[in-house]
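Accompanying notes for the structure given below.
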Amino acid sequence: MNTSIKGNWILILALTLFSAPLVIMYGFQLIDSVSRPAPGGIIPQEWELTNWRFLWEPIDSARPSIWRVTFNTFVFASTTALLVCAFSITAAYALSRLNFPARRFFLAGLIMLHAFPTITLIIAIFIVLQFLGLYDSLMGVILVKAALELPFGIWIMKGFYDSVPWEIEMAGVQDGASRFRVWWELILPQVKPGLSALLIFSFLAGWSEFILPLVLAPGADAQVLATYMNAVIADDTRPDYGLFKAIGMFYALPVIAIYLLFQKRLMNIYGGGTKG
Amino acid sequence: MQIKLQNFTKRFGDTTVIEDMSLSIASGEMIALLGPSGCGKSTTLFAISGIHRIDGGSLHFGDRDVTTLPPQDRPVGVVFQNYALYPHMSVAENIGFPLRVQKLNTAEIKRRVGEMAELVQIGNLLKRRPQQLSGGQQQRVALARALVRKPDVLLLDEPLANLDAKLRLEMRSEIRRLQRETGITAILVTHDQIEAMSMCDRIALMRDGQIEQISTPSEMYERPASHYVAGFLGNPPISFLKAEANGKLMLGAENSLPMPQGVDASGPITLGIRPEHFGPQHQGPTVTGRVSFIEPQGREDLIDVTLPDNQRLRAIVPAGHDFALGQDVNWQVDLSRTHLFNAEGNRL
Amino acid sequence: MNRQTLLGWSFLSPALMAVVMFFLLPVILTVVFAFTNMSTSTGILGGEYQISESDLRRLPAAGVSNESVEMLAGAGYAVRPETLALFASDFGDERADELDALHGGAVFDDRRAIERALKDLRRDPIRSVRDRKAAAEMFRISILGQRYPTEAAFADAIADIGVPDADRAALTEAAYTGWTFTTQNFELLWELPATWRYAMNSVVYVVLTLAFNVSFGLFLAFSTFYLPTRTAQTFRAIWFLPRILPPVLYVLMWQWLTWDQGFISTILRPFGIEPINWMRHTATHAWTFIVLINGCVGASLGMILFSSSLRAIPETQLYAAQVDGANRWQQVRFVLLPQMRWPILFITSYQTLSLLTSFEYILLATDGGPGRQTEVWALAAYHTALSNYGGNLEYGLGAAYALALVIIGILLSALYLRFFNFRELVAKPRIEQ
């Protein structure tokens, strides 16, 4: 197969052209966050950090501090991720390895839930949260987000469990260990890579989530970076893209860092799980 | 520990895999469950280990009824085909796991793991991880882990299938040595007749969920109870000839053999002749045919002789002969070692 | 129950609880709410019973007789301990005592009658007309504007003012301020021309975006398949970023690209093209960018899946094709593409469902505009029930919108089951006890 650059110049040219808008957007996202363009132009005029002022002073009086919002986002994303993982590792193991009545039914349900578009339920969930008194609280959004991510998490973990040889499990049982102990001491260590991938994935999903906090926790106390940024953009009568992009940069940095660090592991999930 | 499996029945869903099978194994005996894949030998093994439920019948270890006991509570050690070593544990931790489950203290575990490691000769590998071991070493670790609990029964599920030919020879005698030294009752599941014959005191040959014959390896080879058993054992395999019995054994129009002593039969029968009992070097009645195939094997050659009625007989002939393809021959049959089967395939 | 069953159930139960709470219950509730007139004004909990001045006009239409309406409007004047106490504090105990003695327990039908009674007080009649009016007002009994927490309390109240039995049921129903069951949401959906437009919008959106996703995903997968590893990785990274970037930021980038002082306008100005907001200028513009914005996210999913199934095709097949003289296009057309049938079908069915129901990117990009030309069905549900400018959030109507999507979702995800080798998936666990 010819895989040299020279022999593929047409392909590369076509790909470059198609990718140009995205690359331009990425490029100016970076540049504009630390510079000021000429009035009416796009070429940066001078480098400056005033766009980052939101870090040390509130951009307007009604808005909560960025650090409070960031803390909320972190709590939201990490708690969601932990809940998803905790519930997934047990449920997926039961579905993958344990023999119990109605297992077939639950498996079919899992596949359906995996494909089911959860966002359609948001109106009912909104009202459920009001009933529960969890509306407009971080706790409520966390529970909802974790629950909605759960079928996906279970599906992924089941895949990882399925690939652990049965003989390991049989050997453990034969060695006298209970099924719980076999799971905890022998099987769980084998699915650790999968578990950490799921943890990272759910964290990213929580970090980026927009609709759920927007609908279920619109108040200032439970604001997360997505809704904060959206509110800043929506409230501005004269768009200040420098500021928006700086906030966006601040918001996206952890995502990009995590992606760069765990690229390989995440690809597994993005490819295998197929959600979204 | 004597094992007694009585009227064992096993179903998967609606299909009955094994029906009414009985098997008893003497204490300290090593027995092989031999058969092609799908004959139910692994199912039997898993039922004895407790991993599969027994749907009908009973299982006794000595006087103890273990039919409904979960695998955790059965005094059984198992060596799996792929060894099933715990990849995240060192060799010592692997061997020690069954003891740790029993909550023995660390010093005791260490002592017994050391003992076991010496027995299987891997004392210098205790700190390694399974993936750093060769196939033979992994096999020894699996054996040690299965034996460390001092089980009453050792089950081996195709233990040599994943080894190369040379290691297989070595582990064959190694497993037999361990079994003899510990005096443990052992069951070996295999599809390899050589393994079964060389390692075990007795062989249970299985077919479609039933035991076709159970006896010592030599008895099974010399006096196969059925057409099926005769065909399964022996390499190169036995040749079967269709014959008509009417005082003599008629093989087509040209050839006939006298009736072997002590056999009484008439009508269509099947005659089994092993390649080592046919050829120019034997004493006995002769059969005429034409050499149709020669396969040199070094020390001896395999020669196919096609009879006038197109049936084929195989012979093992010592190398250095000067037979050629297409040559007409008239070779002897060692009549006393031939096997006769009736139309149902049973020995006459 | 054996140990394995017990462990299985206990391992499953936390997830099961979450699923029941946030999947099963909402699905059922969506159905229930779709049949109610629940909205901000009715509240989501039970309501109260109240007739206001303005309600009076619509009562006859609700089946309440004019007589009763007059009764509610015209109220009466009752001499009772509580009204007397009110009267006493302003006009003195003596007058009150006398009035009690003369008319205690009486109910006057019109104001003149009670005013006469007040004027006729022997010891200290109220002479000033203005005072009499004020005093009469104190005896007025009316349920207008009164809130009754329970049906029983309301029934007592209307019985008190003498509403005839025949009208009580209709009146009670009309007075209820909470939500009630109704099928009018579906009638409304059926009648509104906007409904059909939203449905059409959804179809346009799904078809265009899906076409872009699949074809561009395939293009990306095939082109990077033939490139040197490093180059391919670079392009894959560029196209993968939209998938992991937070939607708010990702759409912001597009906003910047397209607004009237943004990248496109600035680049085009030297050519004499007036700066416009390229995303929101016309419906066509809006649709183009909506498809692009969603497409760049969806194409990356296609790219990942198609790339991995391409890698699973043995390389020897390509060598064989090359030896057979197939050029690159022929390799793709005759060797690779036919083996990608399942991934393509999978992506198509999967994304149909997720595109049909998702509205995040449209909400952020155009919010359904300009006008309502890019308002898709899912976004309409959101706007109706959860966010609109009027402020009256119609949960019931929104749920009716959502119900359509929920039903489609259930049907399609049941179909989706067929993509999996279910028999293998439910293969019995091999440890039986």
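Labels for the structure tokens follow display order: chains A, B, ..., residues from 1 in each chain, ligands from 1.
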
At a cut-off of 12 Å, which residues of chain C touch chain B? Count only C-alpha atoms and give the answer as a list in words. Asn2, Arg3, Gln4, Ala427, Lys428, Pro429, Arg430, Ile431, Glu432 and Gln433 of chain C

Include N, CA and C atoms and write out the residues we just selected as an mmCIF file, in the first residue's frame.
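See result-v8.cif below for the written result:
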```cif
data_model
loop_
_atom_site.group_PDB
_atom_site.id
_atom_site.type_symbol
_atom_site.label_atom_id
_atom_site.label_comp_id
_atom_site.auth_asym_id
_atom_site.auth_seq_id
_atom_site.Cartn_x
_atom_site.Cartn_y
_atom_site.Cartn_z
ATOM 1 N N ASN C 2 -31.137 -18.912 45.956
ATOM 2 C CA ASN C 2 -29.766 -19.317 46.216
ATOM 3 C C ASN C 2 -28.831 -18.101 46.267
ATOM 4 N N ARG C 3 -27.591 -18.406 46.601
ATOM 5 C CA ARG C 3 -26.660 -17.308 46.852
ATOM 6 C C ARG C 3 -26.405 -16.460 45.622
ATOM 7 N N GLN C 4 -26.359 -17.145 44.470
ATOM 8 C CA GLN C 4 -26.047 -16.402 43.254
ATOM 9 C C GLN C 4 -27.162 -15.424 42.901
ATOM 10 N N ALA C 427 -26.110 -15.552 26.639
ATOM 11 C CA ALA C 427 -25.561 -16.884 26.899
ATOM 12 C C ALA C 427 -25.516 -17.119 28.400
ATOM 13 N N LYS C 428 -25.985 -18.287 28.783
ATOM 14 C CA LYS C 428 -26.123 -18.553 30.217
ATOM 15 C C LYS C 428 -24.773 -18.476 30.922
ATOM 16 N N PRO C 429 -24.733 -17.883 32.092
ATOM 17 C CA PRO C 429 -23.503 -17.895 32.856
ATOM 18 C C PRO C 429 -23.042 -19.330 33.076
ATOM 19 N N ARG C 430 -21.738 -19.529 33.029
ATOM 20 C CA ARG C 430 -21.265 -20.901 33.009
ATOM 21 C C ARG C 430 -21.071 -21.497 34.394
ATOM 22 N N ILE C 431 -21.082 -20.665 35.412
ATOM 23 C CA ILE C 431 -21.035 -21.230 36.760
ATOM 24 C C ILE C 431 -22.465 -21.314 37.252
ATOM 25 N N GLU C 432 -22.906 -22.539 37.532
ATOM 26 C CA GLU C 432 -24.327 -22.707 37.781
ATOM 27 C C GLU C 432 -24.705 -22.662 39.244
ATOM 28 N N GLN C 433 -23.784 -22.912 40.113
ATOM 29 C CA GLN C 433 -24.166 -22.871 41.526
ATOM 30 C C GLN C 433 -23.067 -22.286 42.386
#
```

Counting only C-alpha atoms, which residues of chain B come no farther than 10 Å from chain A, as a PDB file with N, CA and C atoms, in the first residue's frame?
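part_12.pdb written:
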```pdb
ATOM      1  N   PHE B  46     -17.067 -30.748  34.870  1.00  0.00           N
ATOM      2  CA  PHE B  46     -17.602 -29.565  35.550  1.00  0.00           C
ATOM      3  C   PHE B  46     -18.669 -29.951  36.571  1.00  0.00           C
ATOM      4  N   SER B  49     -16.777 -31.075  39.571  1.00  0.00           N
ATOM      5  CA  SER B  49     -16.156 -29.953  40.270  1.00  0.00           C
ATOM      6  C   SER B  49     -17.204 -29.089  40.965  1.00  0.00           C
ATOM      7  N   GLY B  50     -18.463 -29.170  40.512  1.00  0.00           N
ATOM      8  CA  GLY B  50     -19.511 -28.372  41.141  1.00  0.00           C
ATOM      9  C   GLY B  50     -19.862 -27.118  40.383  1.00  0.00           C
ATOM     10  N   ILE B  51     -19.126 -26.841  39.300  1.00  0.00           N
ATOM     11  CA  ILE B  51     -19.405 -25.625  38.538  1.00  0.00           C
ATOM     12  C   ILE B  51     -20.725 -25.782  37.789  1.00  0.00           C
ATOM     13  N   PRO B  70     -21.967 -26.573  46.601  1.00  0.00           N
ATOM     14  CA  PRO B  70     -21.373 -25.623  45.664  1.00  0.00           C
ATOM     15  C   PRO B  70     -19.867 -25.882  45.509  1.00  0.00           C
ATOM     16  N   PRO B  71     -19.293 -25.423  44.412  1.00  0.00           N
ATOM     17  CA  PRO B  71     -17.884 -25.744  44.130  1.00  0.00           C
ATOM     18  C   PRO B  71     -16.942 -25.315  45.255  1.00  0.00           C
ATOM     19  N   GLN B  72     -17.320 -24.209  45.925  1.00  0.00           N
ATOM     20  CA  GLN B  72     -16.439 -23.722  46.991  1.00  0.00           C
ATOM     21  C   GLN B  72     -16.236 -24.763  48.085  1.00  0.00           C
ATOM     22  N   ASP B  73     -17.273 -25.590  48.315  1.00  0.00           N
ATOM     23  CA  ASP B  73     -17.226 -26.513  49.449  1.00  0.00           C
ATOM     24  C   ASP B  73     -16.788 -27.912  49.057  1.00  0.00           C
ATOM     25  N   ARG B  74     -16.430 -28.108  47.791  1.00  0.00           N
ATOM     26  CA  ARG B  74     -16.016 -29.452  47.395  1.00  0.00           C
ATOM     27  C   ARG B  74     -14.501 -29.577  47.506  1.00  0.00           C
ATOM     28  N   PRO B  75     -14.044 -30.711  48.017  1.00  0.00           N
ATOM     29  CA  PRO B  75     -12.599 -30.897  48.144  1.00  0.00           C
ATOM     30  C   PRO B  75     -11.989 -31.277  46.798  1.00  0.00           C
ATOM     31  N   VAL B  76     -12.031 -30.322  45.858  1.00  0.00           N
ATOM     32  CA  VAL B  76     -11.617 -30.614  44.491  1.00  0.00           C
ATOM     33  C   VAL B  76     -10.631 -29.554  44.030  1.00  0.00           C
ATOM     34  N   GLY B  77      -9.560 -29.988  43.371  1.00  0.00           N
ATOM     35  CA  GLY B  77      -8.664 -29.036  42.733  1.00  0.00           C
ATOM     36  C   GLY B  77      -8.780 -29.208  41.230  1.00  0.00           C
ATOM     37  N   VAL B  78      -8.765 -28.076  40.503  1.00  0.00           N
ATOM     38  CA  VAL B  78      -8.940 -28.164  39.050  1.00  0.00           C
ATOM     39  C   VAL B  78      -7.775 -27.485  38.344  1.00  0.00           C
ATOM     40  N   VAL B  79      -7.264 -28.122  37.302  1.00  0.00           N
ATOM     41  CA  VAL B  79      -6.305 -27.461  36.410  1.00  0.00           C
ATOM     42  C   VAL B  79      -7.013 -27.241  35.082  1.00  0.00           C
ATOM     43  N   PHE B  80      -7.116 -25.962  34.696  1.00  0.00           N
ATOM     44  CA  PHE B  80      -7.861 -25.641  33.484  1.00  0.00           C
ATOM     45  C   PHE B  80      -6.952 -25.663  32.263  1.00  0.00           C
ATOM     46  N   GLN B  81      -7.591 -25.793  31.129  1.00  0.00           N
ATOM     47  CA  GLN B  81      -6.845 -25.882  29.875  1.00  0.00           C
ATOM     48  C   GLN B  81      -5.917 -24.681  29.671  1.00  0.00           C
ATOM     49  N   ASN B  82      -6.444 -23.478  29.966  1.00  0.00           N
ATOM     50  CA  ASN B  82      -5.578 -22.294  29.802  1.00  0.00           C
ATOM     51  C   ASN B  82      -4.979 -21.866  31.140  1.00  0.00           C
ATOM     52  N   TYR B  83      -5.026 -22.756  32.102  1.00  0.00           N
ATOM     53  CA  TYR B  83      -4.432 -22.614  33.444  1.00  0.00           C
ATOM     54  C   TYR B  83      -5.174 -21.637  34.346  1.00  0.00           C
ATOM     55  N   ALA B  84      -5.799 -20.585  33.765  1.00  0.00           N
ATOM     56  CA  ALA B  84      -6.577 -19.634  34.552  1.00  0.00           C
ATOM     57  C   ALA B  84      -5.794 -19.103  35.738  1.00  0.00           C
ATOM     58  N   LEU B  85      -4.537 -18.761  35.508  1.00  0.00           N
ATOM     59  CA  LEU B  85      -3.777 -18.116  36.576  1.00  0.00           C
ATOM     60  C   LEU B  85      -4.265 -16.686  36.716  1.00  0.00           C
ATOM     61  N   TYR B  86      -4.241 -16.163  37.928  1.00  0.00           N
ATOM     62  CA  TYR B  86      -4.701 -14.784  38.148  1.00  0.00           C
ATOM     63  C   TYR B  86      -3.600 -13.836  37.706  1.00  0.00           C
ATOM     64  N   PRO B  87      -3.821 -13.098  36.617  1.00  0.00           N
ATOM     65  CA  PRO B  87      -2.725 -12.344  36.006  1.00  0.00           C
ATOM     66  C   PRO B  87      -2.171 -11.234  36.889  1.00  0.00           C
ATOM     67  N   HIS B  88      -2.976 -10.752  37.841  1.00  0.00           N
ATOM     68  CA  HIS B  88      -2.506  -9.628  38.656  1.00  0.00           C
ATOM     69  C   HIS B  88      -1.816 -10.100  39.930  1.00  0.00           C
ATOM     70  N   MET B  89      -1.668 -11.420  40.089  1.00  0.00           N
ATOM     71  CA  MET B  89      -1.022 -11.926  41.299  1.00  0.00           C
ATOM     72  C   MET B  89       0.298 -12.600  40.917  1.00  0.00           C
ATOM     73  N   ILE B  95      -0.617 -19.381  44.127  1.00  0.00           N
ATOM     74  CA  ILE B  95      -0.679 -20.667  44.825  1.00  0.00           C
ATOM     75  C   ILE B  95      -1.314 -20.494  46.199  1.00  0.00           C
ATOM     76  N   GLY B  96      -1.055 -19.340  46.816  1.00  0.00           N
ATOM     77  CA  GLY B  96      -1.542 -19.129  48.177  1.00  0.00           C
ATOM     78  C   GLY B  96      -3.011 -18.743  48.259  1.00  0.00           C
ATOM     79  N   PHE B  97      -3.602 -18.372  47.112  1.00  0.00           N
ATOM     80  CA  PHE B  97      -4.974 -17.857  47.153  1.00  0.00           C
ATOM     81  C   PHE B  97      -5.975 -18.807  47.827  1.00  0.00           C
ATOM     82  N   PRO B  98      -5.990 -20.086  47.492  1.00  0.00           N
ATOM     83  CA  PRO B  98      -6.964 -20.983  48.134  1.00  0.00           C
ATOM     84  C   PRO B  98      -6.786 -21.020  49.650  1.00  0.00           C
ATOM     85  N   LEU B  99      -5.555 -20.842  50.111  1.00  0.00           N
ATOM     86  CA  LEU B  99      -5.311 -20.866  51.556  1.00  0.00           C
ATOM     87  C   LEU B  99      -5.748 -19.549  52.183  1.00  0.00           C
ATOM     88  N   ARG B 100      -5.521 -18.461  51.437  1.00  0.00           N
ATOM     89  CA  ARG B 100      -5.920 -17.148  51.955  1.00  0.00           C
ATOM     90  C   ARG B 100      -7.440 -17.106  52.119  1.00  0.00           C
ATOM     91  N   VAL B 101      -8.138 -17.744  51.180  1.00  0.00           N
ATOM     92  CA  VAL B 101      -9.592 -17.799  51.281  1.00  0.00           C
ATOM     93  C   VAL B 101     -10.002 -18.531  52.559  1.00  0.00           C
ATOM     94  N   GLN B 102      -9.196 -19.532  52.928  1.00  0.00           N
ATOM     95  CA  GLN B 102      -9.497 -20.285  54.155  1.00  0.00           C
ATOM     96  C   GLN B 102      -9.044 -19.550  55.414  1.00  0.00           C
ATOM     97  N   ALA B 142      -0.304 -23.859  37.991  1.00  0.00           N
ATOM     98  CA  ALA B 142      -1.717 -24.247  38.053  1.00  0.00           C
ATOM     99  C   ALA B 142      -1.873 -25.531  38.856  1.00  0.00           C
ATOM    100  N   ARG B 145      -1.425 -24.736  42.541  1.00  0.00           N
ATOM    101  CA  ARG B 145      -2.579 -24.063  43.109  1.00  0.00           C
ATOM    102  C   ARG B 145      -3.731 -25.044  43.328  1.00  0.00           C
ATOM    103  N   ALA B 146      -3.848 -25.997  42.400  1.00  0.00           N
ATOM    104  CA  ALA B 146      -4.934 -26.966  42.537  1.00  0.00           C
ATOM    105  C   ALA B 146      -4.685 -27.905  43.714  1.00  0.00           C
ATOM    106  N   LEU B 147      -3.411 -28.167  44.007  1.00  0.00           N
ATOM    107  CA  LEU B 147      -3.096 -29.171  45.024  1.00  0.00           C
ATOM    108  C   LEU B 147      -2.892 -28.580  46.418  1.00  0.00           C
ATOM    109  N   VAL B 148      -2.697 -27.264  46.497  1.00  0.00           N
ATOM    110  CA  VAL B 148      -2.258 -26.675  47.763  1.00  0.00           C
ATOM    111  C   VAL B 148      -3.312 -26.835  48.860  1.00  0.00           C
ATOM    112  N   ARG B 149      -4.561 -26.916  48.450  1.00  0.00           N
ATOM    113  CA  ARG B 149      -5.638 -27.069  49.437  1.00  0.00           C
ATOM    114  C   ARG B 149      -5.709 -28.480  49.973  1.00  0.00           C
ATOM    115  N   PRO B 151      -6.725 -31.209  48.190  1.00  0.00           N
ATOM    116  CA  PRO B 151      -8.055 -31.695  47.836  1.00  0.00           C
ATOM    117  C   PRO B 151      -8.062 -33.219  47.786  1.00  0.00           C
TER     118      PRO B 151
END
```

Write down as a ChimeraX atom specification the residues of segment 16-184 of chain A whose backbone DSSP state falls under strand (DSSP E or B). /A:35-37,44-47

Output C-alpha atoms for every residue in that selection, as a PDB file, in the first residue's frame.
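Result went into again-v7.pdb, see below:
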```
ATOM      1  CA  SER A  35      -5.031  39.095  22.262  1.00  0.00           C
ATOM      2  CA  ARG A  36      -7.133  41.957  21.006  1.00  0.00           C
ATOM      3  CA  PRO A  37      -7.939  42.040  17.296  1.00  0.00           C
ATOM      4  CA  PRO A  44      -4.490  40.233  16.532  1.00  0.00           C
ATOM      5  CA  GLN A  45      -3.101  43.645  17.395  1.00  0.00           C
ATOM      6  CA  GLU A  46      -1.594  43.217  20.780  1.00  0.00           C
ATOM      7  CA  TRP A  47      -1.176  40.404  23.222  1.00  0.00           C
TER       8      TRP A  47
END
```

Spatial neighbours of Trp207 of chain A, max dist 9 Å, only C-alpha atoms, sep filter under 5 positions, as an MDAnalysis selection string: (chainID A and resid 73:74 76:78 202 224:226 251 255) or (chainID C and resid 246)

Please, could you write that set of residues out with C-alpha atoms as a JSON list (two decimals), in the first residue's frame?
```json
[["chain", "number", "residue", "atom", "x", "y", "z"],
["A", 73, "THR", "CA", -18.63, 21.85, 37.83],
["A", 74, "PHE", "CA", -15.92, 19.72, 39.38],
["A", 76, "PHE", "CA", -20.90, 17.70, 39.43],
["A", 77, "ALA", "CA", -18.57, 15.91, 37.02],
["A", 78, "SER", "CA", -16.64, 13.88, 39.57],
["A", 202, "SER", "CA", -18.12, 10.00, 32.59],
["A", 224, "VAL", "CA", -21.80, 25.08, 36.30],
["A", 225, "LEU", "CA", -19.34, 26.32, 33.72],
["A", 226, "ALA", "CA", -21.56, 25.38, 30.78],
["A", 251, "TYR", "CA", -13.52, 25.69, 30.55],
["A", 255, "VAL", "CA", -10.98, 18.45, 28.76],
["C", 246, "PRO", "CA", -18.05, 21.18, 25.53]]
```

Set the cut-off to 7 Å and count only C-alpha atoms: what are the residues of chain C that reach chain A? Output as an MDAnalysis selection string. chainID C and resid 4:5 8 11:12 14:15 18:19 22 26:27 29:30 223 226:228 245:249 253 261 263 266 304:305 353:354 357:358 360 385:386 399 402 405:406 409:410 413:414 417 426 429 431:432

I need the residues of segment 201-321 of chain B that end up classed as helix (DSSP H, G or I) by DSSP on the backbone, written out as a list of chain:residue names.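 Helix (DSSP H, G or I) assignments inside segment 201-321 of chain B correspond to B:Pro217, B:Ser218, B:Glu219, B:Met220, B:Tyr221, B:Glu222, B:His227, B:Tyr228, B:Val229, B:Ala230, B:Gly231, B:Phe232, B:Pro275, B:Glu276, B:His277.
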
Pick out the closest residue to Asp124 of chain C from this set: C:Ile238, C:Ala211, C:Leu99, C:Ala175. Count only C-alpha atoms.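 With only C-alpha atoms as the atom set, the closest residue is C:Leu99.
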
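Closest to Thr182 of chain B among B:Met1, B:Leu271, B:Leu59, B:Val91 is B:Met1, based on only C-alpha atoms.
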
For atom CA of Gln121 of chain B and atom CA of Gly28 of chain B, determine how far apart the two atoms are, in Å to one decimal place.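 If I compute the distance from atom CA of Gln121 of chain B to atom CA of Gly28 of chain B, I get 22.2 Å.
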
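Taking atom CA of Gly262 of chain B and atom CA of Pro236 of chain B as the two end points, the separation is 27.6 Å.
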
Do you have the atom CA of Leu241 of chain C-atom CA of Ile200 of chain A distance handy?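 Atom CA of Ile200 of chain A lies 16.0 Å from atom CA of Leu241 of chain C.
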